[in-house]
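One structure below.
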Amino acid sequence: MSQWKQIQQLEFKYLEQVDYLYDDNFPMGIRQVLSDWIESQDWDMAANHESMATVLLSNLLSQLDRQCSQEQNFLQRHNLKNINKQLQIKYKAYPLLMAAVISTSLREERHIIATASIQDQGPLEKCLQNSVAFERQKNMDNRVAVIRSNVQLLDQAVKCLEDMQDDFDFRFKTIQSRDPADRNTELMKPEVTRLQEILNNLDFKRKENLSKMSDVIKEIDDLIASQLNPELMEWKRRQQINCIGGPLLTGLDQLQNWFTLTAQCLFQMKRQLDKLGELILKVTYASDPISLQRPQLEEQVKYLIGHLIKSSFVVEKQPLMPTHPQKPLIIKTGVQFTTKVRLLVKLPEVDYQLKVKTIFDKDLPPGRVHRQFFILTSTTKVMDVEESSNGCLSVEFRHLLKEKKYVNGTKVNEGPLSVTEELHSLSFEAQFNIQGINIDLETCSFPLVVISNVSQLPGGWASIMWYNMLTDEPRNLDFFASPLRASWGQLSEVLSWQFSTFTGRGLNREQLCMLGEKLMGQQASHNECQVSWSTFCKENIPGKPFSFWTWLDFILELIKKHLLPIWNDNCIMGFVSKETERACLKDKEPGTFLLRFSESHLGGITFTWVKQSDSGEAKLVSVEPYTKSRLSALPFANIIRDYKVVADGEVPENPLKFLYPDIPKDQSFRRHYNSQQSKVFPYISSTWIPISTLQ
């Protein structure tokens with residue numbers, strides 16, 4: 001079944017996550033009409049090779065043209081033509097970006113499918129999917145609606161106050177225009193009494209309106225402090241978890257709606273207070289409540305506007321290299337990386353440009369010895385209205401980073417931490433004035449790892465996983481001076497995410513149990529067992545020349561580049577100890593085999609089969625592990641199909657008959673066999689056959 005058909009069969013809650021993947025950068029209409037063709041292309045490779053990306057862009061546009069010509073529905077044909085034009089404008093000069101966008105979308109689809117198929121959730125995902133989340137959001141919607149209604153009522157109250165004051169002003173000026181001798185006559189006393197009554201009522205209404213304004217301001221203040229800011233912090237935590245492979249990040253549009261509606265209420269109240277300021281220019285008196293209370297209320301409103309806008313300045317897309325879209329927050333010197341900031345408050349129409357400046361490593365911990373870097377490209381850019389974000393301001397940066405080898409003629413010393421443990425930050429700043437309120441905006445990315453060689457990528461990614469798994473601090477750059485320990489429950493969940501992100505299929509309970517035992521021994525059966533940073537990725541596995549994370553990362557790369565189809569078809573048991581392997585196979589028919597990753601070779605996969613000895617006992621035989629060098633020459637499915645064993649001069653035979661537990665080999669692997677043969681005229685074709693000699 002195609003990936004797109006699997007998507008369409010998901011529950012509604014997962015379809016909502018899929019809907020979030022598609023926008024103007026990659027419209028869902030293309031995904032629908034070209035689903036089979038899109039899935040048959042290697043977008044991951046194209047995202048790293050510009051020539052391939054250029055060819056795929058051209059082919060994609062051709063496929064769209066063909067679809068347009070065949071489309072009978074006029075509206076659909078019109079939409080496809082518009083999409084074709086938009087893609088040409090957006091990606092003609094940036095084919096790599098297009099490939100990266102499609103690669104990311106397909107990968108996220110696989111992740112959603114994998115999540116939907118796994119019922120058990122780990123501690124990190126459970127904390128993000130609280131059962132009361134929906135009720136909390138519903139309560140937030142209701143509360144914002146009530147505040148908006150109260151602010152609208154205040155608008156009407158201020159208008160009534162203005163009408164009442166105009167009546168008083170007219171009557172007062174009418175009396176003032178009379179002859180002074182007539183003002184104290186008996187005929188004028190009712191007029192003066194009526195005027196005093198209106199003034200008393202005006203004073204009462206002013207006090208009443210100011211009291212209501214004060215109550216609404218307190219309600220908005222409480223809304224921001226008790227609900228809006230916590231919702232924002234929770235979204236940022238979900239963004240952290242998403243960066244390391246966790247559930248798809250949603251909710252920013254909902255946050256934007258709450259921020260914008262709250263800001264609109266505050267701007268409306270500021271206009272109401274400005275109106276009250278105009279009223280007292282016409283009519284005021286001793287102990288006028290507007291003169292006494294308005295300045296304080298105005299300061300409160302201005303403070304809340306400033307605080308709200310400052311809070312709404314967020315990093316929508318954390319820094320990442322388009323060449324490694326699955327590993328954000330790692331930057332390699334000399335390689336372009338992108339990042340995007342967004343203002344969640346939709347500001348009133350104004351004629352100014354909001355310029356954002358990026359700063360690398362601002363406010364580093366005092367006394368820290370570290371490498372130093374600078375941004376090669378322009379660090380300032382103007383925010384623009386983005387249609388896909390409902391009119392909010394955003395800006396995307398594309399930067400290159402370079403290391404400073406010398407400062408003032410002195411060579412920069414490296415710090416005590418390794419390159420991949422040294423954390424850095426990217427800050428964003430902007431200043432502007434809106435309706436007389438000066439606002440300084442500042443936000444920052446999550447901590448970054450800067451590498452100078454691609455060989456440092458696995459270590460850098462281990463640091464990013466460990467940090468974002470264990471802390472929600474936005475800028476603890478000294479984290480690895482004394483790194484926290486992780487529970488096995490936390491770590492196993494994140495490790496499973498790595499497989500669902502990079503390969504499309506996460507790890508089951510049995511596979512995670514084997515990994516836990518390899519990392520910590522038998523104690524790993526308990527989720528609360530603690531794992532240190534050194535044990536995870538710095539210390540070698542006992543008896544091996546590599547660490548646990550290095551071993552696991554090599555396996556991830558092996559699956560992604562050489563084993564992906566058969567891994568996603570669940571043909572590889574993968575993480576099986578030799579003891580478990582023996583328990584699984586000892587009572588099986590001769591020829592039964594399973595596939596597992598090597599524990600002694602980096603990035604190796606082997607198969608073990610049951611062979612009947614001369615005495616009739618079952619004997620287990622394992623082949624030397626296959627690594628990327630051998631799998632680059634011959635697909636693994638073909639190896640299983642063509643594998644032969646030569647023993648004691650007998651006719652070579654394939655000992656692999658049934659995939660564990662009892663599935664005929666060809667039934668599991670037939671669709672993965674590569675039958676294409678090279679045609680080199682006038683020679684006949686040849687085939688590589690893997691052979692082992694069994695003594």
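Chains: A, B, ... in order of the structure tokens. Residues: from 1 per chain. Ligands: from 1, in order shown.
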(request) Would you list, as a VMD selection string, the residues of range 311-524 of chain A that end up in strand (DSSP E) under DSSP run on this structure's backbone? (result) chain A and resid 313 to 320 330 to 332 337 to 343 355 to 360 372 to 375 380 to 382 384 to 385 393 to 399 401 to 404 406 to 407 410 to 411 423 to 424 426 to 434 437 to 444 448 to 451 486 to 487
(request) Give me the residues within 9 Å of Cys68 in chain A as a ChimeraX atom specification, counting only C-alpha atoms and dropping any in the same chain fewer than 5 places off. (result) /A:63,76-78,80-81
(message) Using only C-alpha atoms, which protein or nucleic acid residues come within 8 Å of Val449 in chain A? Drop anything in the same chain fewer than 2 positions from it, and give the result as number ranges by chain.
(response) A: 329-331, 419-424, 447, 451, 460, 463-464
Just N, CA, C and O atoms for this one: save the residues we selected as a compact mmCIF listing (two decimals), in the first residue's frame.
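Result saved to part_17.txt:
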# COMPACT_ATOMS: atom_id res chain seq x y z
N LEU A 329 19.55 22.31 14.63
CA LEU A 329 20.37 22.82 15.72
C LEU A 329 21.84 22.41 15.62
O LEU A 329 22.61 22.60 16.55
N ILE A 330 22.23 21.82 14.47
CA ILE A 330 23.64 21.56 14.20
C ILE A 330 24.04 22.40 12.99
O ILE A 330 23.39 22.36 11.95
N ILE A 331 25.11 23.16 13.14
CA ILE A 331 25.59 24.03 12.07
C ILE A 331 27.03 23.65 11.75
O ILE A 331 27.86 23.51 12.65
N VAL A 419 34.23 19.59 20.98
CA VAL A 419 33.53 20.43 20.00
C VAL A 419 32.03 20.16 20.03
O VAL A 419 31.21 21.08 19.98
N THR A 420 31.64 18.89 20.15
CA THR A 420 30.22 18.55 20.08
C THR A 420 29.49 18.77 21.40
O THR A 420 28.27 18.66 21.46
N GLU A 421 30.22 19.09 22.49
CA GLU A 421 29.58 19.42 23.78
C GLU A 421 29.53 20.92 24.01
O GLU A 421 28.89 21.37 24.96
N GLU A 422 30.18 21.67 23.16
CA GLU A 422 30.23 23.13 23.31
C GLU A 422 28.97 23.73 22.68
O GLU A 422 28.74 23.60 21.48
N LEU A 423 28.14 24.36 23.51
CA LEU A 423 26.86 24.89 23.04
C LEU A 423 26.96 26.37 22.72
O LEU A 423 27.65 27.14 23.40
N HIS A 424 26.23 26.77 21.68
CA HIS A 424 26.21 28.16 21.23
C HIS A 424 24.76 28.61 21.04
O HIS A 424 23.83 27.80 21.12
N PRO A 447 19.90 25.98 22.13
CA PRO A 447 21.36 25.85 22.00
C PRO A 447 21.77 25.06 20.76
O PRO A 447 21.14 24.06 20.39
N ILE A 451 29.93 22.44 14.18
CA ILE A 451 30.95 21.46 13.79
C ILE A 451 31.74 22.00 12.59
O ILE A 451 31.26 22.88 11.87
N GLY A 460 27.55 15.55 17.59
CA GLY A 460 26.75 16.76 17.75
C GLY A 460 25.28 16.44 17.94
O GLY A 460 24.59 17.05 18.77
N SER A 463 24.49 15.30 21.42
CA SER A 463 24.38 16.43 22.35
C SER A 463 23.02 17.12 22.23
O SER A 463 22.40 17.47 23.24
N ILE A 464 22.56 17.33 21.00
CA ILE A 464 21.26 17.98 20.79
C ILE A 464 20.14 17.12 21.38
O ILE A 464 19.22 17.63 22.04
Residues within 8 Å of Lys381 in chain A, only C-alpha atoms, excluding chain neighbours under 5 positions, as a short mmCIF file (atom, residue, chain, number, x, y, z; two decimals) with N, CA and C atoms, in the first residue's frame:
data_model
loop_
_atom_site.label_atom_id
_atom_site.label_comp_id
_atom_site.auth_asym_id
_atom_site.auth_seq_id
_atom_site.Cartn_x
_atom_site.Cartn_y
_atom_site.Cartn_z
N LYS A 355 12.96 45.80 11.35
CA LYS A 355 14.22 45.16 11.01
C LYS A 355 14.69 44.25 12.14
N VAL A 356 15.02 43.02 11.78
CA VAL A 356 15.50 42.04 12.75
C VAL A 356 16.98 41.79 12.52
N LYS A 357 17.73 41.77 13.61
CA LYS A 357 19.17 41.54 13.53
C LYS A 357 19.52 40.23 14.22
N VAL A 395 10.21 36.51 9.19
CA VAL A 395 11.38 36.67 8.33
C VAL A 395 12.23 35.41 8.42
N PHE A 397 15.98 33.75 7.61
CA PHE A 397 17.39 34.07 7.38
C PHE A 397 18.10 32.87 6.76
#
